[in-house]
$ cat input_38.txt   # compact mmCIF, C-alpha atoms
# COMPACT_ATOMS: atom_id res chain seq x y z
CA MET A 1 -1.84 -24.27 -64.01
CA ASP A 2 -3.68 -25.25 -60.87
CA ILE A 3 -6.87 -23.59 -59.64
CA LYS A 4 -5.13 -21.62 -56.86
CA THR A 5 -2.65 -20.09 -59.29
CA ALA A 6 -5.42 -19.26 -61.76
CA SER A 7 -7.53 -17.62 -59.06
CA SER A 8 -4.52 -15.68 -57.82
CA LEU A 9 -3.91 -14.26 -61.29
CA HIS A 10 -7.63 -13.59 -61.69
CA ARG A 11 -7.71 -11.55 -58.46
CA LEU A 12 -4.70 -9.53 -59.60
CA ARG A 13 -6.36 -8.92 -62.93
CA LEU A 14 -9.63 -7.85 -61.31
CA VAL A 15 -7.99 -5.24 -59.09
CA SER A 16 -5.53 -3.85 -61.67
CA ALA A 17 -8.00 -1.82 -63.78
CA PRO A 18 -9.89 -0.25 -60.83
CA GLU A 19 -6.54 0.61 -59.23
CA ALA A 20 -5.49 2.36 -62.45
CA VAL A 21 -8.78 4.26 -62.65
CA SER A 22 -8.51 5.36 -59.02
CA PHE A 23 -4.96 6.57 -59.66
CA LEU A 24 -6.08 8.65 -62.63
CA LEU A 25 -9.01 10.07 -60.66
CA LEU A 26 -6.67 10.93 -57.81
CA LEU A 27 -4.44 12.83 -60.23
CA VAL A 28 -7.46 14.71 -61.58
CA CYS A 29 -8.64 15.50 -58.05
CA SER A 30 -5.18 16.79 -57.17
CA VAL A 31 -5.25 19.19 -60.11
CA LEU A 32 -8.78 20.30 -59.25
CA LYS A 33 -7.78 20.90 -55.65
CA ARG A 34 -5.05 23.29 -56.79
CA THR A 35 -7.15 25.10 -59.40
CA THR A 36 -10.64 25.19 -57.84
CA GLU A 37 -12.38 24.91 -54.50
CA PHE A 38 -13.22 21.25 -55.19
CA ASN A 39 -11.33 18.93 -52.84
CA ALA A 40 -11.95 15.21 -53.24
CA VAL A 41 -8.33 14.25 -52.61
CA PRO A 42 -8.96 12.76 -49.14
CA VAL A 43 -11.70 10.48 -50.45
CA MET A 44 -9.91 9.47 -53.66
CA GLY A 45 -6.66 9.09 -51.77
CA ALA A 46 -8.28 6.59 -49.41
CA VAL A 47 -9.95 4.69 -52.25
CA HIS A 48 -6.74 4.54 -54.24
CA GLY A 49 -4.75 3.56 -51.16
CA ILE A 50 -7.02 0.61 -50.44
CA LEU A 51 -6.93 -0.55 -54.06
CA PHE A 52 -3.15 -0.16 -54.21
CA VAL A 53 -2.67 -2.22 -51.04
CA LEU A 54 -4.95 -4.91 -52.49
CA TYR A 55 -2.97 -4.83 -55.74
CA VAL A 56 0.32 -5.30 -53.88
CA LEU A 57 -1.09 -8.16 -51.78
CA PHE A 58 -2.51 -9.90 -54.86
CA TRP A 59 0.74 -9.25 -56.75
CA LEU A 60 2.77 -10.89 -53.97
CA ASP A 61 0.39 -13.87 -53.94
CA ALA A 62 0.57 -14.21 -57.73
CA TRP A 63 4.37 -13.93 -57.69
CA ASN A 64 4.58 -16.63 -55.04
CA ARG A 65 2.22 -19.01 -56.85
CA THR A 66 3.39 -18.52 -60.43
CA LYS A 67 7.11 -18.43 -59.62
CA TRP A 68 7.64 -15.44 -61.90
CA GLY A 69 11.20 -14.37 -62.46
CA LEU A 70 12.38 -11.13 -60.90
CA THR A 71 12.01 -9.28 -64.20
CA THR A 72 8.36 -10.29 -64.68
CA ALA A 73 7.46 -9.57 -61.07
CA ALA A 74 9.21 -6.18 -61.22
CA LEU A 75 7.37 -5.34 -64.45
CA TYR A 76 3.98 -6.04 -62.87
CA PHE A 77 4.91 -3.94 -59.84
CA LEU A 78 6.22 -1.09 -61.99
CA LEU A 79 2.98 -1.11 -63.96
CA SER A 80 1.09 -0.57 -60.70
CA VAL A 81 2.78 2.78 -60.09
CA LEU A 82 2.37 4.14 -63.63
CA PRO A 83 -0.85 6.03 -64.43
CA PHE A 84 -2.05 3.69 -67.20
CA GLY A 85 -0.06 0.64 -66.09
CA GLY A 86 -2.98 -1.18 -64.50
CA PHE A 87 -4.74 -1.34 -67.86
CA PHE A 88 -1.68 -2.97 -69.43
CA THR A 89 -1.47 -5.41 -66.52
CA GLU A 90 -5.09 -6.41 -66.96
CA ARG A 91 -4.68 -7.00 -70.71
CA LYS A 92 -1.43 -8.94 -70.28
CA LEU A 93 -2.86 -11.17 -67.55
CA LYS A 94 -6.00 -11.77 -69.62
CA ARG A 95 -3.87 -12.85 -72.57
CA GLU A 96 -1.81 -15.17 -70.35
CA ALA A 97 -4.98 -16.73 -68.93
CA GLU A 98 -6.38 -17.32 -72.41
CA ASP A 99 -3.10 -18.90 -73.51
CA ALA A 100 -3.15 -21.18 -70.46
CA VAL A 101 -6.69 -22.31 -71.28
CA ILE A 102 -5.72 -23.03 -74.88
CA ALA A 103 -2.65 -24.98 -73.75
CA SER A 104 -4.72 -26.92 -71.24
CA ARG A 105 -7.30 -27.83 -73.89
CA ALA A 106 -4.55 -28.87 -76.29
CA ARG A 107 -2.99 -31.14 -73.65
CA HIS A 108 -6.40 -32.58 -72.83
CA GLU A 109 -7.25 -33.25 -76.48
CA GLY A 110 -3.82 -34.71 -77.07
CA ALA A 111 -4.29 -37.10 -74.15
CA VAL A 112 -7.75 -38.12 -75.35
CA ASN A 113 -6.65 -38.72 -78.95
CA ALA A 114 -3.54 -40.67 -77.93

$ encode --input "input_38.txt" --output "structure tokens"
Amino acid sequence: MDIKTASSLHRLRLVSAPEAVSFLLLLVCSVLKRTTEFNAVPVMGAVHGILFVLYVLFWLDAWNRTKWGLTTAALYFLLSVLPFGGFFTERKLKREAEDAVIASRARHEGAVNA
């Protein structure tokens, strides 16, 4: 994995959890708006909107660089529109990054020992 692909996945991973938190907060604010006088929907809507747009841009960049199949790309997009999906995205991307580092080290050690 080259550095541009790794940084692309890292950016997607960094924005996925905050996007999920903002989505959950927006849902809470929507309920509070209907049940109380508290109305933070315009603020949380804007925050969530910005984070969602960033997620989609970073997702497109990651899809382009990693050459994911349609199924994998669709899964990562679907996770962005589910309330807890961003947390799963972050964990899955973290696991993939760790596996890539392990594979890279194994290739490097194999080349040195050969």

$ closest_residue --input "input_38.txt" --among "A:Val41, A:Leu32, A:Leu57, A:Ala106" --to "Leu12 of chain A" --atoms "only C-alpha atoms"
A:Leu57

$ atom_distance --input "input_38.txt" --atom1 "atom CA of Phe77 of chain A" --atom2 "atom CA of Tyr55 of chain A"
8.9 Å

$ atom_distance --input "input_38.txt" --atom1 "atom CA of Glu98 of chain A" --atom2 "atom CA of Thr71 of chain A"
21.7 Å

$ residues_near_point --input "input_38.txt" --point "(2.7, 0.8, -57.9)" --cutoff "10 Å" --atoms "all atoms listed in the file" --output "PyMOL selection string"
chain A and resi 19-20+23+52-53+55-56+76-83+85-86

$ residues_around --input "input_38.txt" --residues "Leu27 of chain A" --least-positions-apart "2" --cutoff "12 Å" --atoms "all atoms listed in the file" --output "PyMOL selection string"
chain A and resi 20-25+29-34+39-42+44-45+48+82-84

$ atom_distance --input "input_38.txt" --atom1 "atom CA of Phe58 of chain A" --atom2 "atom CA of Ala46 of chain A"
18.3 Å

$ closest_residue --input "input_38.txt" --among "A:Trp68, A:Arg91, A:Thr36, A:Leu14" --to "Leu51 of chain A" --atoms "only C-alpha atoms"
A:Leu14

$ closest_residue --input "input_38.txt" --among "A:Phe38, A:Val43, A:Ala97, A:Lys92" --to "Thr5 of chain A" --atoms "only C-alpha atoms"
A:Ala97

$ closest_residue --input "input_38.txt" --among "A:Met1, A:Arg11, A:Val47, A:Ala73" --to "Asp99 of chain A" --atoms "all atoms listed in the file"
A:Met1

$ build_atoms --input "input_38.txt" --residues "segment 1-22 of chain A" --atoms "N, CA, C and O atoms" --output "PDB file, in the frame of the given file"
ATOM      1  N   MET A   1      -1.619 -25.261 -65.039  1.00  0.00           N
ATOM      2  CA  MET A   1      -1.840 -24.270 -64.010  1.00  0.00           C
ATOM      3  C   MET A   1      -2.937 -24.781 -63.085  1.00  0.00           C
ATOM      4  O   MET A   1      -4.007 -25.165 -63.552  1.00  0.00           O
ATOM      5  N   ASP A   2      -2.678 -24.779 -61.811  1.00  0.00           N
ATOM      6  CA  ASP A   2      -3.680 -25.250 -60.870  1.00  0.00           C
ATOM      7  C   ASP A   2      -4.697 -24.150 -60.569  1.00  0.00           C
ATOM      8  O   ASP A   2      -4.520 -22.996 -60.952  1.00  0.00           O
ATOM      9  N   ILE A   3      -5.762 -24.516 -59.887  1.00  0.00           N
ATOM     10  CA  ILE A   3      -6.870 -23.590 -59.640  1.00  0.00           C
ATOM     11  C   ILE A   3      -6.448 -22.431 -58.725  1.00  0.00           C
ATOM     12  O   ILE A   3      -6.900 -21.300 -58.897  1.00  0.00           O
ATOM     13  N   LYS A   4      -5.558 -22.690 -57.762  1.00  0.00           N
ATOM     14  CA  LYS A   4      -5.130 -21.620 -56.860  1.00  0.00           C
ATOM     15  C   LYS A   4      -4.291 -20.576 -57.597  1.00  0.00           C
ATOM     16  O   LYS A   4      -4.422 -19.382 -57.350  1.00  0.00           O
ATOM     17  N   THR A   5      -3.450 -21.024 -58.504  1.00  0.00           N
ATOM     18  CA  THR A   5      -2.650 -20.090 -59.290  1.00  0.00           C
ATOM     19  C   THR A   5      -3.548 -19.281 -60.217  1.00  0.00           C
ATOM     20  O   THR A   5      -3.399 -18.060 -60.339  1.00  0.00           O
ATOM     21  N   ALA A   6      -4.496 -19.954 -60.853  1.00  0.00           N
ATOM     22  CA  ALA A   6      -5.420 -19.260 -61.760  1.00  0.00           C
ATOM     23  C   ALA A   6      -6.248 -18.228 -61.003  1.00  0.00           C
ATOM     24  O   ALA A   6      -6.445 -17.103 -61.488  1.00  0.00           O
ATOM     25  N   SER A   7      -6.725 -18.579 -59.816  1.00  0.00           N
ATOM     26  CA  SER A   7      -7.530 -17.620 -59.060  1.00  0.00           C
ATOM     27  C   SER A   7      -6.674 -16.468 -58.552  1.00  0.00           C
ATOM     28  O   SER A   7      -7.143 -15.333 -58.463  1.00  0.00           O
ATOM     29  N   SER A   8      -5.423 -16.733 -58.246  1.00  0.00           N
ATOM     30  CA  SER A   8      -4.520 -15.680 -57.820  1.00  0.00           C
ATOM     31  C   SER A   8      -4.306 -14.663 -58.942  1.00  0.00           C
ATOM     32  O   SER A   8      -4.359 -13.453 -58.720  1.00  0.00           O
ATOM     33  N   LEU A   9      -4.082 -15.150 -60.139  1.00  0.00           N
ATOM     34  CA  LEU A   9      -3.910 -14.260 -61.290  1.00  0.00           C
ATOM     35  C   LEU A   9      -5.211 -13.525 -61.603  1.00  0.00           C
ATOM     36  O   LEU A   9      -5.205 -12.357 -61.993  1.00  0.00           O
ATOM     37  N   HIS A  10      -6.336 -14.210 -61.433  1.00  0.00           N
ATOM     38  CA  HIS A  10      -7.630 -13.590 -61.690  1.00  0.00           C
ATOM     39  C   HIS A  10      -7.883 -12.434 -60.709  1.00  0.00           C
ATOM     40  O   HIS A  10      -8.350 -11.362 -61.110  1.00  0.00           O
ATOM     41  N   ARG A  11      -7.548 -12.627 -59.443  1.00  0.00           N
ATOM     42  CA  ARG A  11      -7.710 -11.550 -58.460  1.00  0.00           C
ATOM     43  C   ARG A  11      -6.832 -10.353 -58.810  1.00  0.00           C
ATOM     44  O   ARG A  11      -7.270  -9.202 -58.728  1.00  0.00           O
ATOM     45  N   LEU A  12      -5.604 -10.620 -59.214  1.00  0.00           N
ATOM     46  CA  LEU A  12      -4.700  -9.530 -59.600  1.00  0.00           C
ATOM     47  C   LEU A  12      -5.265  -8.784 -60.805  1.00  0.00           C
ATOM     48  O   LEU A  12      -5.245  -7.556 -60.851  1.00  0.00           O
ATOM     49  N   ARG A  13      -5.785  -9.521 -61.739  1.00  0.00           N
ATOM     50  CA  ARG A  13      -6.360  -8.920 -62.930  1.00  0.00           C
ATOM     51  C   ARG A  13      -7.592  -8.077 -62.582  1.00  0.00           C
ATOM     52  O   ARG A  13      -7.776  -6.987 -63.113  1.00  0.00           O
ATOM     53  N   LEU A  14      -8.419  -8.579 -61.667  1.00  0.00           N
ATOM     54  CA  LEU A  14      -9.630  -7.850 -61.310  1.00  0.00           C
ATOM     55  C   LEU A  14      -9.346  -6.531 -60.593  1.00  0.00           C
ATOM     56  O   LEU A  14     -10.116  -5.574 -60.727  1.00  0.00           O
ATOM     57  N   VAL A  15      -8.275  -6.466 -59.841  1.00  0.00           N
ATOM     58  CA  VAL A  15      -7.990  -5.240 -59.090  1.00  0.00           C
ATOM     59  C   VAL A  15      -7.115  -4.266 -59.879  1.00  0.00           C
ATOM     60  O   VAL A  15      -7.063  -3.087 -59.557  1.00  0.00           O
ATOM     61  N   SER A  16      -6.475  -4.716 -60.954  1.00  0.00           N
ATOM     62  CA  SER A  16      -5.530  -3.850 -61.670  1.00  0.00           C
ATOM     63  C   SER A  16      -6.222  -2.681 -62.376  1.00  0.00           C
ATOM     64  O   SER A  16      -5.743  -1.539 -62.278  1.00  0.00           O
ATOM     65  N   ALA A  17      -7.323  -2.919 -63.066  1.00  0.00           N
ATOM     66  CA  ALA A  17      -8.000  -1.820 -63.780  1.00  0.00           C
ATOM     67  C   ALA A  17      -8.631  -0.814 -62.811  1.00  0.00           C
ATOM     68  O   ALA A  17      -8.444   0.399 -62.991  1.00  0.00           O
ATOM     69  N   PRO A  18      -9.370  -1.251 -61.774  1.00  0.00           N
ATOM     70  CA  PRO A  18      -9.890  -0.250 -60.830  1.00  0.00           C
ATOM     71  C   PRO A  18      -8.787   0.547 -60.121  1.00  0.00           C
ATOM     72  O   PRO A  18      -8.952   1.740 -59.849  1.00  0.00           O
ATOM     73  N   GLU A  19      -7.659  -0.099 -59.851  1.00  0.00           N
ATOM     74  CA  GLU A  19      -6.540   0.610 -59.230  1.00  0.00           C
ATOM     75  C   GLU A  19      -6.025   1.688 -60.175  1.00  0.00           C
ATOM     76  O   GLU A  19      -5.731   2.802 -59.755  1.00  0.00           O
ATOM     77  N   ALA A  20      -5.947   1.377 -61.464  1.00  0.00           N
ATOM     78  CA  ALA A  20      -5.490   2.360 -62.450  1.00  0.00           C
ATOM     79  C   ALA A  20      -6.478   3.517 -62.573  1.00  0.00           C
ATOM     80  O   ALA A  20      -6.078   4.686 -62.641  1.00  0.00           O
ATOM     81  N   VAL A  21      -7.765   3.208 -62.572  1.00  0.00           N
ATOM     82  CA  VAL A  21      -8.780   4.260 -62.650  1.00  0.00           C
ATOM     83  C   VAL A  21      -8.712   5.156 -61.418  1.00  0.00           C
ATOM     84  O   VAL A  21      -8.774   6.388 -61.528  1.00  0.00           O
ATOM     85  N   SER A  22      -8.571   4.550 -60.241  1.00  0.00           N
ATOM     86  CA  SER A  22      -8.510   5.360 -59.020  1.00  0.00           C
ATOM     87  C   SER A  22      -7.270   6.254 -59.018  1.00  0.00           C
ATOM     88  O   SER A  22      -7.316   7.380 -58.526  1.00  0.00           O
TER      89      SER A  22
END
